[in-house]
Amino acid sequence: LHIHTDPKFLLLNSVFLNGMFINHIIFLSEFQQDLSQRYPQYDIDYQPLTPEGLRHTVEFANSMDLVIVYMLDTPKSYICNRINKSVKVIWRFFGAELYGKIGHMMYSELTKSAMSQNTVSIFDRFKYAYHMIYLYGFRYRTEFNRAMLRSNAIAMLYKQEYEYLSEFFRLPAFVQIPYESFSCFRSQGGQTKETIILGNSRNRYNNHLDILELLKKVPNNGYTFVIPFNYGEESNYTNRVRETLKQMTNVHIINEFMPLIEYNQLFKQAAAFVFNAYRQMAMANIFMAICNDVKVYLSPKNTAYAWLLSEDFIVFNIKNLTEDIKNNNVCLKSDEVEKNRKAFESLLSKYSNEDFENKVRIIFADKNRRNP
């Protein structure tokens, strides 16, 4: 059973469409959505995000052998904590579940300054607490920690991130996510190289303000700078970014939704992708950049930076950005393009869907212990 609350991530089920598994999907939402045309390959059962919908999901989950929860938020934590112990649970890690608890380490000082202006009224706090108690009971704040202990395994992209987060949290057993899902980005190749993409969304984990301060100090050297700002919640942080952009004529903001084909075209025309997150996120964007022969700049605080280097990818420390712009050295060289293409093919072959299936079999074989 796959349990989702965001339709964007339904395609993550594809790793299970291989004959070993009989798949069922429950989509939990406050608003009913017809997803059958968008995802005809899946049989999706909509359940309302109500006490009745939660109870039905728990009952259905108890008839399954394996439950995969995609992001361990409060509703899925609530469900996990009420599933019979005989049912195995894999937590498909997204990131916000844990990084939000160590947010002080994930935000730059400029980001923290912008966030400090956020205010929530007493009425809104009361309204939120009432809603949570109505759905999950008075112990709703404890659901996540209990579900983390209840999970049999956590599915993540690479072991380095698991080891990093294990310094702060007691995590279930690590399960490697197959890389074959990234094969859709394979060897797309780039076109003209005139655009530098800054970040991937409105999310404050991007730490946009630090990059904008750097760009104020250098000429654009003919490059067009763009910020995709068409996804994510609005906040005082996003207001601060927009106010800063009003002072910068060389940076363009993308506010409108872009279909995937247009978004991919943006990367085809890009010289560089600059991503100042201190945590692993937007790996699809990073691989889209790599496969479009785009130079990737990352923060060394991001575990993805060291991981990609260990896998023989050519990625760059974000501190080198200003000098590279000054020296017109933002595009990858031909040998660097070739090395990234080879590293990508090597990565796809390292851990297959079959390897993942074998790991799941170990989880099933372990009848008594929490971890395989």
# chains A, B, ... in the order shown; residues from 1 in each chain; ligands from 1

call {"tool": "select_by_dssp", "arguments": {"residues": "stretch 163-307 of chain A", "states": "strand (DSSP E)", "output": "ChimeraX atom specification"}}
result
/A:173-176,195-198,224-228,251-254,270-275,295-298

call {"tool": "residues_around", "arguments": {"residues": "A:Met64", "least_positions_apart": "5", "cutoff": "9 Å", "atoms": "only C-alpha atoms", "output": "ChimeraX atom specification"}}
result
/A:1,87-88

call {"tool": "write_last_selection", "arguments": {"atoms": "N, CA and C atoms", "output": "PDB file, in the first residue's frame"}}
result
ATOM      1  N   LEU A   1       0.850  -1.198   0.000  1.00  0.00           N
ATOM      2  CA  LEU A   1       0.000   0.000   0.000  1.00  0.00           C
ATOM      3  C   LEU A   1       0.881   1.242   0.000  1.00  0.00           C
ATOM      4  N   VAL A  87       2.600  -5.703  10.014  1.00  0.00           N
ATOM      5  CA  VAL A  87       2.704  -5.014   8.720  1.00  0.00           C
ATOM      6  C   VAL A  87       4.000  -4.211   8.694  1.00  0.00           C
ATOM      7  N   LYS A  88       4.818  -4.428   7.674  1.00  0.00           N
ATOM      8  CA  LYS A  88       6.075  -3.693   7.555  1.00  0.00           C
ATOM      9  C   LYS A  88       5.810  -2.286   7.007  1.00  0.00           C
TER      10      LYS A  88
END

call {"tool": "closest_residue", "arguments": {"among": "A:Tyr305, A:Phe60, A:Phe185, A:Phe313", "to": "A:Gln160", "atoms": "only C-alpha atoms"}}
result
A:Tyr305

call {"tool": "closest_residue", "arguments": {"among": "A:His24, A:Arg279, A:His252, A:Lys333", "to": "A:Thr224", "atoms": "only C-alpha atoms"}}
result
A:His252

call {"tool": "closest_residue", "arguments": {"among": "A:Glu143, A:Leu165, A:Glu233, A:Ser201", "to": "A:Ile253", "atoms": "only C-alpha atoms"}}
result
A:Ser201

call {"tool": "select_by_dssp", "arguments": {"residues": "stretch 229-264 of chain A", "states": "alpha helix (DSSP H)", "output": "JSON, numbers by chain"}}
result
{"A": [236, 237, 238, 239, 240, 241, 242, 243, 244, 245, 260, 261, 262, 263, 264]}

call {"tool": "write_last_selection", "arguments": {"atoms": "N, CA and C atoms", "output": "compact mmCIF listing (two decimals), in the first residue's frame"}}
result
# COMPACT_ATOMS: atom_id res chain seq x y z
N ASN A 236 7.09 36.04 4.73
CA ASN A 236 7.93 37.23 4.84
C ASN A 236 9.27 37.01 4.16
N TYR A 237 9.73 35.76 4.16
CA TYR A 237 10.99 35.45 3.47
C TYR A 237 10.86 35.75 1.98
N THR A 238 9.80 35.25 1.34
CA THR A 238 9.64 35.48 -0.10
C THR A 238 9.43 36.97 -0.39
N ASN A 239 8.77 37.68 0.53
CA ASN A 239 8.62 39.13 0.35
C ASN A 239 9.98 39.82 0.36
N ARG A 240 10.87 39.37 1.27
CA ARG A 240 12.20 39.97 1.34
C ARG A 240 13.00 39.69 0.05
N VAL A 241 12.87 38.49 -0.48
CA VAL A 241 13.56 38.17 -1.73
C VAL A 241 13.06 39.08 -2.85
N ARG A 242 11.75 39.26 -2.94
CA ARG A 242 11.19 40.11 -4.00
C ARG A 242 11.63 41.56 -3.83
N GLU A 243 11.68 42.03 -2.59
CA GLU A 243 12.13 43.41 -2.36
C GLU A 243 13.59 43.58 -2.79
N THR A 244 14.41 42.57 -2.52
CA THR A 244 15.81 42.62 -2.92
C THR A 244 15.93 42.63 -4.44
N LEU A 245 15.09 41.85 -5.12
CA LEU A 245 15.15 41.75 -6.57
C LEU A 245 14.77 43.05 -7.26
N LEU A 260 6.48 20.97 -17.43
CA LEU A 260 7.77 20.29 -17.35
C LEU A 260 8.60 20.49 -18.60
N ILE A 261 7.96 20.48 -19.77
CA ILE A 261 8.72 20.62 -21.01
C ILE A 261 9.37 22.00 -21.11
N GLU A 262 8.70 23.03 -20.58
CA GLU A 262 9.27 24.38 -20.58
C GLU A 262 10.38 24.49 -19.52
N TYR A 263 10.16 23.84 -18.40
CA TYR A 263 11.17 23.87 -17.34
C TYR A 263 12.45 23.19 -17.82
N ASN A 264 12.29 22.08 -18.53
CA ASN A 264 13.45 21.39 -19.07
C ASN A 264 14.16 22.26 -20.11

call {"tool": "closest_residue", "arguments": {"among": "A:Leu49, A:Leu321, A:Leu72, A:Leu157", "to": "A:Tyr351", "atoms": "only C-alpha atoms"}}
result
A:Leu157

call {"tool": "residues_around", "arguments": {"residues": "A:Cys291", "least_positions_apart": "3", "cutoff": "10 Å", "atoms": "only C-alpha atoms", "output": "short mmCIF file (atom, residue, chain, number, x, y, z; two decimals) with C-alpha atoms, in the first residue's frame"}}
result
data_model
loop_
_atom_site.label_atom_id
_atom_site.label_comp_id
_atom_site.auth_asym_id
_atom_site.auth_seq_id
_atom_site.Cartn_x
_atom_site.Cartn_y
_atom_site.Cartn_z
CA PHE A 182 16.61 9.39 -12.85
CA SER A 183 17.22 7.68 -16.19
CA CYS A 184 14.60 9.93 -17.81
CA PHE A 185 17.19 12.74 -17.65
CA ARG A 186 19.84 10.69 -19.47
CA SER A 187 22.15 12.53 -21.92
CA GLN A 188 19.79 15.29 -22.98
CA GLY A 189 22.58 17.69 -23.89
CA GLY A 190 22.41 21.45 -23.75
CA PHE A 267 17.87 23.99 -18.22
CA LYS A 268 18.85 23.29 -21.83
CA ASN A 285 16.78 19.49 -10.59
CA ILE A 286 20.44 18.70 -10.00
CA PHE A 287 20.35 15.66 -12.28
CA MET A 288 18.36 17.58 -14.87
CA VAL A 294 24.97 22.53 -16.93
CA VAL A 337 30.75 17.38 -19.64
CA ASN A 340 29.61 13.96 -15.79
CA ARG A 341 27.90 11.88 -18.46
CA PHE A 344 25.71 9.53 -14.43
#

call {"tool": "atom_distance", "arguments": {"atom1": "atom CA of A:Asp312", "atom2": "atom CA of A:Glu357"}}
result
26.2 Å

call {"tool": "closest_residue", "arguments": {"among": "A:Ile79, A:Asn18, A:Asn152, A:Tyr140", "to": "A:Ala365", "atoms": "only C-alpha atoms"}}
result
A:Asn152

call {"tool": "residues_around", "arguments": {"residues": "A:Tyr231", "least_positions_apart": "5", "cutoff": "10 Å", "atoms": "only C-alpha atoms", "output": "list of chain:residue names"}}
result
A:Asn200, A:Ser201, A:Arg202, A:Asn203, A:Ile254, A:Asn255, A:Glu256, A:Phe257, A:Met258

call {"tool": "write_last_selection", "arguments": {"atoms": "N, CA, C and O atoms", "output": "mmCIF file, in the first residue's frame"}}
result
data_model
loop_
_atom_site.group_PDB
_atom_site.id
_atom_site.type_symbol
_atom_site.label_atom_id
_atom_site.label_comp_id
_atom_site.auth_asym_id
_atom_site.auth_seq_id
_atom_site.Cartn_x
_atom_site.Cartn_y
_atom_site.Cartn_z
ATOM 1 N N ASN A 200 15.580 26.652 -6.895
ATOM 2 C CA ASN A 200 14.570 25.832 -7.573
ATOM 3 C C ASN A 200 13.140 26.196 -7.224
ATOM 4 O O ASN A 200 12.203 25.687 -7.842
ATOM 5 N N SER A 201 12.927 27.067 -6.212
ATOM 6 C CA SER A 201 11.562 27.369 -5.789
ATOM 7 C C SER A 201 11.589 28.526 -4.795
ATOM 8 O O SER A 201 12.643 29.117 -4.534
ATOM 9 N N ARG A 202 10.422 28.830 -4.221
ATOM 10 C CA ARG A 202 10.344 29.862 -3.186
ATOM 11 C C ARG A 202 10.866 29.379 -1.837
ATOM 12 O O ARG A 202 11.034 30.174 -0.910
ATOM 13 N N ASN A 203 11.092 28.090 -1.721
ATOM 14 C CA ASN A 203 11.447 27.504 -0.432
ATOM 15 C C ASN A 203 12.649 28.218 0.186
ATOM 16 O O ASN A 203 13.675 28.409 -0.455
ATOM 17 N N ILE A 254 10.775 34.189 -12.124
ATOM 18 C CA ILE A 254 9.730 33.413 -12.805
ATOM 19 C C ILE A 254 8.625 33.144 -11.792
ATOM 20 O O ILE A 254 8.790 32.345 -10.866
ATOM 21 N N ASN A 255 7.499 33.819 -11.968
ATOM 22 C CA ASN A 255 6.381 33.676 -11.043
ATOM 23 C C ASN A 255 5.322 32.695 -11.542
ATOM 24 O O ASN A 255 4.575 32.130 -10.752
ATOM 25 N N GLU A 256 5.250 32.516 -12.864
ATOM 26 C CA GLU A 256 4.194 31.705 -13.440
ATOM 27 C C GLU A 256 4.591 30.232 -13.480
ATOM 28 O O GLU A 256 5.761 29.897 -13.642
ATOM 29 N N PHE A 257 3.580 29.388 -13.347
ATOM 30 C CA PHE A 257 3.804 27.946 -13.435
ATOM 31 C C PHE A 257 4.386 27.595 -14.798
ATOM 32 O O PHE A 257 3.973 28.120 -15.831
ATOM 33 N N MET A 258 5.373 26.690 -14.801
ATOM 34 C CA MET A 258 5.993 26.233 -16.040
ATOM 35 C C MET A 258 5.737 24.736 -16.213
ATOM 36 O O MET A 258 6.098 23.946 -15.328
#

call {"tool": "atom_distance", "arguments": {"atom1": "atom CA of A:Tyr223", "atom2": "atom CA of A:Ser235"}}
result
28.9 Å
